[in-house]
Amino acid sequence: RRSRKLCKDKNVGQMKTKSFLYLITPILVFVTACTGGNNKDVCFDFSAMKPIKGEIIPMEIPLLAPRSIYIIEDKLFVIDKYDGRHLTQISLNDYSCQRMLNVGNGSNEYIRIENLHFDSDCRHIKIYDSVKRIISTYRYDTASLMSDETIVDVADAMTLSNVGGYSLAMYGDSYIANGTFNEAMFAFLDREMNVLQTFGTFPGDNDGIGKPDFFLKNQTFICADERNRSFVAAGVYNDWLAFYQNEGGSFNLVKEYFANDSNLTTASESSDGITHFASQENSDTMRGYRALYPTDKFIYALYWGIRTDEIADSANRCYIMKFTHDGQYQEGYVLQGLLRSFVVDEENRNLYAITFSQTEDEMLVKYEL
């Protein structure tokens, strides 16, 4: 059993170096502790963050079940599964919309699209279906991007049946998966899905780490950026935020923030060779980070920092925080209400986000940074 509570501004580089000696080249690691009032520790000074207001973007078609948003040049893509289609494409020039990518189990059809990735060098779009366990790669066509005429143009399709990860971050021609890999949190995979490295220590109380459902209390949002050799993980039910750098083919922890451990009940049951997982939230369960977004210059993180029983509070605010790729905090923004997902257009200093609501229609909003 291992429980960790970090000390304020404590440099534990020597401790971390010692624990990694037999795995990787030693590096200096900084762990930032987080303190606060009202019986809830915090990692950042939210009162010093800049408030920003957004404007609602009028939509030709509604957002009915949006999950996440992406930006590719002058277009937004929203994963929004309804009426037999998965994606809504939105032009940033006139906000015209197009629905695309059929729902189904056939060729060029998807059951649950988990994420998209655009490779600007080879101009490919990669789509990961977490149910079919495939990654499909489409050639980018600016004239008819992902239209019905070009959607069948699949350059490659990779099956992940031999990989036990739950989410995937694209890293050039490689991938990073989160899950539980012999008590490590992440697996670095090559193009053929061979494991190159497992890494990452679970934060907080590690009691029950060998159980199949242990990963549920430590679910993370993940993102990666090959140009900056970076990988970032953010806790869904805690406030753990960890930054890794790829040095010599291995990912090393260089910065992390952590104060509040997960508080939810998990369970698993196996029958007929199938394992079923379940989790139970309570009134004290924390909703920590909700999304990550990498750019060439920075990593942006969306943070709620509220309990489950506070989600319906109309006075809620959320926060967008900006970091360097090695985890140095730069600045933060305060936004009224809760957001589900976001992207950043650094060139034009715009942020596009999908609002979160349990009772009202969710909307697309534009903020100026």
# chains A, B, ... in the order shown; residues from 1 in each chain; ligands from 1
$ closest_atom_pairs --of "range 36-136 of chain A" --to "range 294-307 of chain A" --cutoff "12 Å" --atoms "only C-alpha atoms" --output "JSON lines"
{"residue": "A:Lys40", "atom": "CA", "partner": "A:Gly305", "partner_atom": "CA", "distance": 9.4}
{"residue": "A:Asp41", "atom": "CA", "partner": "A:Gly305", "partner_atom": "CA", "distance": 9.9}
{"residue": "A:Val42", "atom": "CA", "partner": "A:Gly305", "partner_atom": "CA", "distance": 8.4}
{"residue": "A:Cys43", "atom": "CA", "partner": "A:Gly305", "partner_atom": "CA", "distance": 10.2}
{"residue": "A:Phe44", "atom": "CA", "partner": "A:Tyr303", "partner_atom": "CA", "distance": 10.8}
{"residue": "A:Phe46", "atom": "CA", "partner": "A:Gly305", "partner_atom": "CA", "distance": 10.6}
{"residue": "A:Tyr70", "atom": "CA", "partner": "A:Pro294", "partner_atom": "CA", "distance": 10.9}
{"residue": "A:Ile71", "atom": "CA", "partner": "A:Thr295", "partner_atom": "CA", "distance": 10.9}
{"residue": "A:Ile72", "atom": "CA", "partner": "A:Thr295", "partner_atom": "CA", "distance": 11.9}
{"residue": "A:His117", "atom": "CA", "partner": "A:Pro294", "partner_atom": "CA", "distance": 11.2}
{"residue": "A:Phe118", "atom": "CA", "partner": "A:Thr295", "partner_atom": "CA", "distance": 11.9}
{"residue": "A:Ser120", "atom": "CA", "partner": "A:Asp296", "partner_atom": "CA", "distance": 11.6}
$ write_last_selection --atoms "N, CA, C and O atoms" --output "short mmCIF file (atom, residue, chain, number, x, y, z; two decimals), in the first residue's frame"
data_model
loop_
_atom_site.label_atom_id
_atom_site.label_comp_id
_atom_site.auth_asym_id
_atom_site.auth_seq_id
_atom_site.Cartn_x
_atom_site.Cartn_y
_atom_site.Cartn_z
N LYS A 40 -10.38 21.82 0.82
CA LYS A 40 -10.07 21.27 -0.50
C LYS A 40 -8.76 21.86 -0.97
O LYS A 40 -8.65 23.06 -1.17
N ASP A 41 -7.76 21.02 -1.14
CA ASP A 41 -6.47 21.50 -1.59
C ASP A 41 -6.55 21.89 -3.06
O ASP A 41 -7.31 21.31 -3.84
N VAL A 42 -5.75 22.88 -3.44
CA VAL A 42 -5.72 23.33 -4.83
C VAL A 42 -4.27 23.48 -5.25
O VAL A 42 -3.38 23.71 -4.44
N CYS A 43 -4.04 23.33 -6.55
CA CYS A 43 -2.68 23.37 -7.08
C CYS A 43 -2.32 24.72 -7.67
O CYS A 43 -1.14 24.97 -7.94
N PHE A 44 -3.28 25.58 -7.91
CA PHE A 44 -3.02 26.84 -8.59
C PHE A 44 -3.82 27.97 -7.94
O PHE A 44 -4.85 27.73 -7.31
N PHE A 46 -6.32 30.22 -8.45
CA PHE A 46 -7.39 30.51 -9.41
C PHE A 46 -7.85 31.96 -9.34
O PHE A 46 -8.33 32.52 -10.32
N TYR A 70 -12.20 19.31 -32.21
CA TYR A 70 -10.86 19.35 -32.79
C TYR A 70 -10.84 20.47 -33.83
O TYR A 70 -11.87 20.82 -34.41
N ILE A 71 -9.65 21.02 -34.08
CA ILE A 71 -9.49 22.03 -35.11
C ILE A 71 -8.44 21.56 -36.11
O ILE A 71 -7.37 21.09 -35.72
N ILE A 72 -8.80 21.62 -37.40
CA ILE A 72 -7.88 21.29 -38.48
C ILE A 72 -7.94 22.42 -39.48
O ILE A 72 -8.93 22.59 -40.19
N HIS A 117 -6.75 12.76 -34.91
CA HIS A 117 -5.42 13.35 -34.90
C HIS A 117 -5.06 13.76 -36.32
O HIS A 117 -5.19 12.97 -37.26
N PHE A 118 -4.60 14.99 -36.48
CA PHE A 118 -4.20 15.49 -37.79
C PHE A 118 -2.68 15.61 -37.84
O PHE A 118 -2.07 16.27 -37.00
N SER A 120 0.05 17.22 -39.86
CA SER A 120 0.20 18.25 -40.88
C SER A 120 1.35 17.97 -41.84
O SER A 120 1.38 18.51 -42.95
#
$ select_by_dssp --residues "range 113-348 of chain A" --states "strand (DSSP E)" --output "PyMOL selection string"
chain A and resi 113-119+124-129+134-139+154-159+167-171+174-181+184-189+195-199+220-225+230-235+241-247+250-257+265-271+274-280+286-294+299-307+317-323+329-336+339-345
$ closest_residue --among "A:Ser341, A:Gln280, A:Gln330, A:Ser271" --to "Phe221 in chain A" --atoms "only C-alpha atoms"
A:Ser341
$ residues_around --residues "Phe215 in chain A" --least-positions-apart "4" --cutoff "10 Å" --atoms "only C-alpha atoms" --output "PyMOL selection string"
chain A and resi 166+178-180+183+185+202+208-211+219-220+266+277
$ write_last_selection --atoms "all heavy atoms" --output "compact mmCIF listing (two decimals), in the first residue's frame"
# COMPACT_ATOMS: atom_id res chain seq x y z
N TYR A 166 -6.90 1.73 -22.90
CA TYR A 166 -8.28 2.20 -22.93
C TYR A 166 -8.44 3.45 -23.79
O TYR A 166 -9.45 3.65 -24.41
CB TYR A 166 -8.75 2.45 -21.49
CG TYR A 166 -8.61 1.22 -20.65
CD1 TYR A 166 -7.55 1.06 -19.77
CD2 TYR A 166 -9.52 0.17 -20.76
CE1 TYR A 166 -7.40 -0.10 -19.02
CE2 TYR A 166 -9.38 -0.99 -20.02
CZ TYR A 166 -8.32 -1.12 -19.15
OH TYR A 166 -8.17 -2.26 -18.41
N ASN A 178 -3.18 4.49 -22.33
CA ASN A 178 -3.31 4.49 -20.88
C ASN A 178 -4.10 3.26 -20.44
O ASN A 178 -4.85 2.67 -21.21
CB ASN A 178 -3.93 5.79 -20.36
CG ASN A 178 -5.37 5.98 -20.81
OD1 ASN A 178 -5.92 5.17 -21.55
ND2 ASN A 178 -5.99 7.05 -20.37
N GLY A 179 -3.90 2.87 -19.19
CA GLY A 179 -4.54 1.66 -18.67
C GLY A 179 -3.75 1.16 -17.48
O GLY A 179 -3.28 1.93 -16.65
N THR A 180 -3.57 -0.16 -17.38
CA THR A 180 -2.71 -0.75 -16.37
C THR A 180 -1.81 -1.76 -17.06
O THR A 180 -2.29 -2.75 -17.61
CB THR A 180 -3.53 -1.45 -15.26
OG1 THR A 180 -4.41 -0.50 -14.67
CG2 THR A 180 -2.62 -2.00 -14.19
N GLU A 183 1.38 -2.72 -13.50
CA GLU A 183 1.43 -1.67 -12.48
C GLU A 183 1.97 -0.34 -13.00
O GLU A 183 2.19 0.59 -12.22
CB GLU A 183 2.23 -2.13 -11.25
CG GLU A 183 1.61 -3.36 -10.58
CD GLU A 183 2.20 -3.66 -9.23
OE1 GLU A 183 3.07 -2.89 -8.78
OE2 GLU A 183 1.79 -4.67 -8.62
N MET A 185 1.18 2.97 -15.66
CA MET A 185 -0.03 3.63 -16.16
C MET A 185 -0.11 3.68 -17.67
O MET A 185 -1.21 3.70 -18.24
CB MET A 185 -0.11 5.06 -15.62
CG MET A 185 -0.38 5.17 -14.14
SD MET A 185 -0.72 6.87 -13.63
CE MET A 185 -2.38 7.12 -14.31
N PHE A 202 1.14 5.30 -10.65
CA PHE A 202 -0.19 5.77 -10.28
C PHE A 202 -0.09 6.72 -9.09
O PHE A 202 0.62 6.44 -8.12
CB PHE A 202 -1.09 4.60 -9.91
CG PHE A 202 -1.54 3.78 -11.09
CD1 PHE A 202 -0.84 2.65 -11.46
CD2 PHE A 202 -2.66 4.16 -11.82
CE1 PHE A 202 -1.25 1.89 -12.55
CE2 PHE A 202 -3.07 3.41 -12.91
CZ PHE A 202 -2.37 2.28 -13.28
N GLY A 208 -4.84 -2.09 -3.99
CA GLY A 208 -5.66 -2.75 -5.00
C GLY A 208 -5.15 -2.60 -6.41
O GLY A 208 -5.87 -2.86 -7.37
N ILE A 209 -3.87 -2.23 -6.58
CA ILE A 209 -3.34 -1.96 -7.92
C ILE A 209 -3.39 -3.18 -8.83
O ILE A 209 -3.46 -3.06 -10.04
CB ILE A 209 -1.90 -1.42 -7.81
CG1 ILE A 209 -1.43 -0.87 -9.17
CG2 ILE A 209 -0.95 -2.50 -7.31
CD1 ILE A 209 -0.12 -0.15 -9.11
N GLY A 210 -3.40 -4.38 -8.27
CA GLY A 210 -3.44 -5.57 -9.10
C GLY A 210 -4.82 -5.97 -9.57
O GLY A 210 -4.96 -6.88 -10.39
N LYS A 211 -5.87 -5.30 -9.07
CA LYS A 211 -7.23 -5.66 -9.43
C LYS A 211 -7.60 -5.12 -10.81
O LYS A 211 -7.15 -4.04 -11.19
CB LYS A 211 -8.21 -5.13 -8.38
CG LYS A 211 -8.00 -5.72 -6.98
CD LYS A 211 -8.99 -5.13 -5.99
CE LYS A 211 -8.78 -5.70 -4.60
NZ LYS A 211 -9.73 -5.10 -3.61
N GLN A 219 -8.51 7.04 -14.03
CA GLN A 219 -8.69 7.36 -15.44
C GLN A 219 -8.05 8.71 -15.75
O GLN A 219 -8.05 9.63 -14.92
CB GLN A 219 -10.17 7.40 -15.77
CG GLN A 219 -10.87 6.06 -15.62
CD GLN A 219 -12.35 6.15 -15.86
OE1 GLN A 219 -12.80 6.50 -16.96
NE2 GLN A 219 -13.14 5.86 -14.85
N THR A 220 -7.52 8.83 -16.95
CA THR A 220 -6.85 10.07 -17.34
C THR A 220 -7.24 10.50 -18.74
O THR A 220 -7.59 9.68 -19.59
CB THR A 220 -5.32 9.90 -17.33
OG1 THR A 220 -4.95 8.78 -18.17
CG2 THR A 220 -4.80 9.69 -15.92
N THR A 266 -14.98 1.18 -6.99
CA THR A 266 -14.88 0.44 -8.24
C THR A 266 -15.05 -1.05 -7.99
O THR A 266 -14.83 -1.54 -6.88
CB THR A 266 -13.52 0.70 -8.92
OG1 THR A 266 -12.47 0.16 -8.11
CG2 THR A 266 -13.28 2.18 -9.12
N PHE A 277 -16.74 -4.06 -15.80
CA PHE A 277 -16.25 -3.08 -14.85
C PHE A 277 -17.38 -2.13 -14.44
O PHE A 277 -18.30 -1.88 -15.21
CB PHE A 277 -15.11 -2.25 -15.45
CG PHE A 277 -13.94 -3.08 -15.91
CD1 PHE A 277 -13.86 -3.52 -17.23
CD2 PHE A 277 -12.93 -3.42 -15.04
CE1 PHE A 277 -12.80 -4.29 -17.66
CE2 PHE A 277 -11.85 -4.19 -15.45
CZ PHE A 277 -11.78 -4.62 -16.77
$ closest_residue --among "A:Thr198, A:Asn218, A:Thr308, A:Thr324" --to "Phe243 in chain A" --atoms "only C-alpha atoms"
A:Thr324
$ closest_residue --among "A:Ser314, A:Thr201, A:Gly248, A:Arg290" --to "Leu339 in chain A" --atoms "only C-alpha atoms"
A:Arg290
$ residues_around --residues "range 222-227 of chain A" --least-positions-apart "6" --cutoff "8 Å" --atoms "only C-alpha atoms" --output "PyMOL selection string"
chain A and resi 167-172+176+178+233-234+292-296
$ residues_around --residues "Glu114 in chain A" --least-positions-apart "2" --cutoff "7 Å" --atoms "only C-alpha atoms" --output "PyMOL selection string"
chain A and resi 112+128-130
$ write_last_selection --atoms "N, CA and C atoms" --output "compact mmCIF listing (two decimals), in the first residue's frame"
# COMPACT_ATOMS: atom_id res chain seq x y z
N ARG A 112 -17.71 3.79 -31.95
CA ARG A 112 -17.42 4.84 -30.98
C ARG A 112 -16.08 5.50 -31.33
N TYR A 128 -9.56 7.02 -34.22
CA TYR A 128 -9.48 5.86 -33.34
C TYR A 128 -10.87 5.49 -32.85
N ASP A 129 -11.30 4.25 -33.15
CA ASP A 129 -12.56 3.69 -32.66
C ASP A 129 -12.24 2.76 -31.50
N SER A 130 -12.67 3.14 -30.29
CA SER A 130 -12.30 2.37 -29.10
C SER A 130 -13.11 1.09 -28.94
$ atom_distance --atom1 "CA of Glu310 in chain A" --atom2 "CA of Asp361 in chain A"
19.2 Å
$ decode --residues "range 292-307 of chain A" --atoms "all heavy atoms" --output "mmCIF file, in the first residue's frame"
data_model
loop_
_atom_site.group_PDB
_atom_site.id
_atom_site.type_symbol
_atom_site.label_atom_id
_atom_site.label_comp_id
_atom_site.auth_asym_id
_atom_site.auth_seq_id
_atom_site.Cartn_x
_atom_site.Cartn_y
_atom_site.Cartn_z
ATOM 1 N N LEU A 292 -7.478 18.010 -22.476
ATOM 2 C CA LEU A 292 -6.154 18.545 -22.742
ATOM 3 C C LEU A 292 -6.058 18.918 -24.211
ATOM 4 O O LEU A 292 -6.696 18.282 -25.060
ATOM 5 C CB LEU A 292 -5.069 17.511 -22.419
ATOM 6 C CG LEU A 292 -4.909 17.075 -20.960
ATOM 7 C CD1 LEU A 292 -3.988 15.858 -20.880
ATOM 8 C CD2 LEU A 292 -4.354 18.219 -20.114
ATOM 9 N N TYR A 293 -5.249 19.942 -24.502
ATOM 10 C CA TYR A 293 -5.068 20.314 -25.903
ATOM 11 C C TYR A 293 -3.626 20.779 -26.123
ATOM 12 O O TYR A 293 -3.181 21.745 -25.502
ATOM 13 C CB TYR A 293 -6.035 21.415 -26.319
ATOM 14 C CG TYR A 293 -5.976 21.688 -27.811
ATOM 15 C CD1 TYR A 293 -6.583 20.811 -28.706
ATOM 16 C CD2 TYR A 293 -5.281 22.785 -28.318
ATOM 17 C CE1 TYR A 293 -6.510 21.030 -30.072
ATOM 18 C CE2 TYR A 293 -5.210 23.005 -29.686
ATOM 19 C CZ TYR A 293 -5.827 22.127 -30.555
ATOM 20 O OH TYR A 293 -5.744 22.333 -31.910
ATOM 21 N N PRO A 294 -2.870 20.095 -27.017
ATOM 22 C CA PRO A 294 -1.486 20.490 -27.290
ATOM 23 C C PRO A 294 -1.393 21.376 -28.534
ATOM 24 O O PRO A 294 -2.109 21.177 -29.516
ATOM 25 C CB PRO A 294 -0.803 19.143 -27.540
ATOM 26 C CG PRO A 294 -1.879 18.316 -28.199
ATOM 27 C CD PRO A 294 -3.207 18.781 -27.616
ATOM 28 N N THR A 295 -0.518 22.363 -28.496
ATOM 29 C CA THR A 295 -0.158 23.142 -29.674
ATOM 30 C C THR A 295 1.362 23.066 -29.831
ATOM 31 O O THR A 295 2.051 22.465 -29.010
ATOM 32 C CB THR A 295 -0.592 24.612 -29.550
ATOM 33 O OG1 THR A 295 0.213 25.262 -28.549
ATOM 34 C CG2 THR A 295 -2.066 24.719 -29.160
ATOM 35 N N ASP A 296 1.880 23.683 -30.871
ATOM 36 C CA ASP A 296 3.326 23.661 -31.069
ATOM 37 C C ASP A 296 4.068 24.334 -29.921
ATOM 38 O O ASP A 296 5.208 23.980 -29.613
ATOM 39 C CB ASP A 296 3.692 24.357 -32.384
ATOM 40 C CG ASP A 296 3.322 23.520 -33.601
ATOM 41 O OD1 ASP A 296 3.111 22.307 -33.435
ATOM 42 O OD2 ASP A 296 3.241 24.085 -34.707
ATOM 43 N N LYS A 297 3.416 25.295 -29.259
ATOM 44 C CA LYS A 297 4.094 26.063 -28.220
ATOM 45 C C LYS A 297 3.735 25.633 -26.801
ATOM 46 O O LYS A 297 4.586 25.659 -25.912
ATOM 47 C CB LYS A 297 3.776 27.549 -28.385
ATOM 48 C CG LYS A 297 4.279 28.161 -29.683
ATOM 49 C CD LYS A 297 3.907 29.646 -29.762
ATOM 50 C CE LYS A 297 4.407 30.267 -31.053
ATOM 51 N NZ LYS A 297 4.037 31.701 -31.149
ATOM 52 N N PHE A 298 2.465 25.246 -26.592
ATOM 53 C CA PHE A 298 2.003 25.047 -25.218
ATOM 54 C C PHE A 298 1.077 23.837 -25.106
ATOM 55 O O PHE A 298 0.592 23.297 -26.099
ATOM 56 C CB PHE A 298 1.249 26.290 -24.723
ATOM 57 C CG PHE A 298 2.079 27.544 -24.696
ATOM 58 C CD1 PHE A 298 1.920 28.517 -25.680
ATOM 59 C CD2 PHE A 298 3.019 27.752 -23.693
ATOM 60 C CE1 PHE A 298 2.687 29.670 -25.671
ATOM 61 C CE2 PHE A 298 3.781 28.901 -23.670
ATOM 62 C CZ PHE A 298 3.622 29.865 -24.656
ATOM 63 N N ILE A 299 0.831 23.454 -23.849
ATOM 64 C CA ILE A 299 -0.199 22.482 -23.492
ATOM 65 C C ILE A 299 -1.271 23.232 -22.709
ATOM 66 O O ILE A 299 -0.967 23.961 -21.758
ATOM 67 C CB ILE A 299 0.358 21.354 -22.606
ATOM 68 C CG1 ILE A 299 1.447 20.558 -23.337
ATOM 69 C CG2 ILE A 299 -0.764 20.432 -22.134
ATOM 70 C CD1 ILE A 299 0.939 19.682 -24.458
ATOM 71 N N TYR A 300 -2.540 23.066 -23.105
ATOM 72 C CA TYR A 300 -3.662 23.693 -22.412
ATOM 73 C C TYR A 300 -4.475 22.610 -21.700
ATOM 74 O O TYR A 300 -4.681 21.517 -22.244
ATOM 75 C CB TYR A 300 -4.556 24.442 -23.395
ATOM 76 C CG TYR A 300 -3.899 25.633 -24.048
ATOM 77 C CD1 TYR A 300 -3.069 25.475 -25.151
ATOM 78 C CD2 TYR A 300 -4.116 26.924 -23.568
ATOM 79 C CE1 TYR A 300 -2.466 26.569 -25.762
ATOM 80 C CE2 TYR A 300 -3.516 28.022 -24.170
ATOM 81 C CZ TYR A 300 -2.694 27.838 -25.265
ATOM 82 O OH TYR A 300 -2.097 28.925 -25.859
ATOM 83 N N ALA A 301 -4.936 22.920 -20.491
ATOM 84 C CA ALA A 301 -5.695 21.954 -19.692
ATOM 85 C C ALA A 301 -6.990 22.589 -19.201
ATOM 86 O O ALA A 301 -6.979 23.711 -18.686
ATOM 87 C CB ALA A 301 -4.868 21.472 -18.504
ATOM 88 N N LEU A 302 -8.100 21.869 -19.363
ATOM 89 C CA LEU A 302 -9.406 22.307 -18.866
ATOM 90 C C LEU A 302 -9.655 21.642 -17.519
ATOM 91 O O LEU A 302 -9.635 20.412 -17.405
ATOM 92 C CB LEU A 302 -10.510 21.919 -19.853
ATOM 93 C CG LEU A 302 -11.960 22.039 -19.370
ATOM 94 C CD1 LEU A 302 -12.304 23.472 -18.990
ATOM 95 C CD2 LEU A 302 -12.926 21.518 -20.440
ATOM 96 N N TYR A 303 -9.916 22.467 -16.488
ATOM 97 C CA TYR A 303 -10.058 21.971 -15.124
ATOM 98 C C TYR A 303 -11.382 22.435 -14.528
ATOM 99 O O TYR A 303 -11.739 23.607 -14.628
ATOM 100 C CB TYR A 303 -8.893 22.501 -14.271
ATOM 101 C CG TYR A 303 -8.905 22.065 -12.824
ATOM 102 C CD1 TYR A 303 -8.551 20.773 -12.467
ATOM 103 C CD2 TYR A 303 -9.247 22.961 -11.813
ATOM 104 C CE1 TYR A 303 -8.543 20.372 -11.134
ATOM 105 C CE2 TYR A 303 -9.234 22.570 -10.477
ATOM 106 C CZ TYR A 303 -8.883 21.271 -10.154
ATOM 107 O OH TYR A 303 -8.877 20.885 -8.840
ATOM 108 N N TRP A 304 -12.130 21.477 -13.895
ATOM 109 C CA TRP A 304 -13.355 21.829 -13.180
ATOM 110 C C TRP A 304 -13.080 22.028 -11.697
ATOM 111 O O TRP A 304 -13.403 23.057 -11.133
ATOM 112 C CB TRP A 304 -14.395 20.731 -13.363
ATOM 113 C CG TRP A 304 -15.092 20.739 -14.678
ATOM 114 C CD1 TRP A 304 -14.778 21.475 -15.788
ATOM 115 C CD2 TRP A 304 -16.232 19.946 -15.026
ATOM 116 N NE1 TRP A 304 -15.631 21.191 -16.814
ATOM 117 C CE2 TRP A 304 -16.549 20.251 -16.373
ATOM 118 C CE3 TRP A 304 -17.002 19.014 -14.344
ATOM 119 C CZ2 TRP A 304 -17.618 19.652 -17.034
ATOM 120 C CZ3 TRP A 304 -18.055 18.411 -14.993
ATOM 121 C CH2 TRP A 304 -18.365 18.735 -16.327
ATOM 122 N N GLY A 305 -12.551 20.998 -11.030
ATOM 123 C CA GLY A 305 -12.248 21.096 -9.613
ATOM 124 C C GLY A 305 -13.465 21.203 -8.716
ATOM 125 O O GLY A 305 -13.463 21.943 -7.731
ATOM 126 N N ILE A 306 -14.533 20.459 -9.045
ATOM 127 C CA ILE A 306 -15.750 20.484 -8.237
ATOM 128 C C ILE A 306 -16.143 19.054 -7.870
ATOM 129 O O ILE A 306 -15.672 18.090 -8.462
ATOM 130 C CB ILE A 306 -16.917 21.167 -8.969
ATOM 131 C CG1 ILE A 306 -17.223 20.423 -10.287
ATOM 132 C CG2 ILE A 306 -16.600 22.635 -9.240
ATOM 133 C CD1 ILE A 306 -18.423 20.977 -11.038
ATOM 134 N N ARG A 307 -17.021 18.927 -6.875
ATOM 135 C CA ARG A 307 -17.535 17.617 -6.485
ATOM 136 C C ARG A 307 -18.745 17.257 -7.349
ATOM 137 O O ARG A 307 -19.377 18.121 -7.966
ATOM 138 C CB ARG A 307 -17.924 17.610 -5.011
ATOM 139 C CG ARG A 307 -16.774 17.897 -4.048
ATOM 140 C CD ARG A 307 -17.225 17.652 -2.610
ATOM 141 N NE ARG A 307 -18.432 18.415 -2.293
ATOM 142 C CZ ARG A 307 -18.428 19.639 -1.789
ATOM 143 N NH1 ARG A 307 -17.267 20.262 -1.573
ATOM 144 N NH2 ARG A 307 -19.556 20.257 -1.500
#
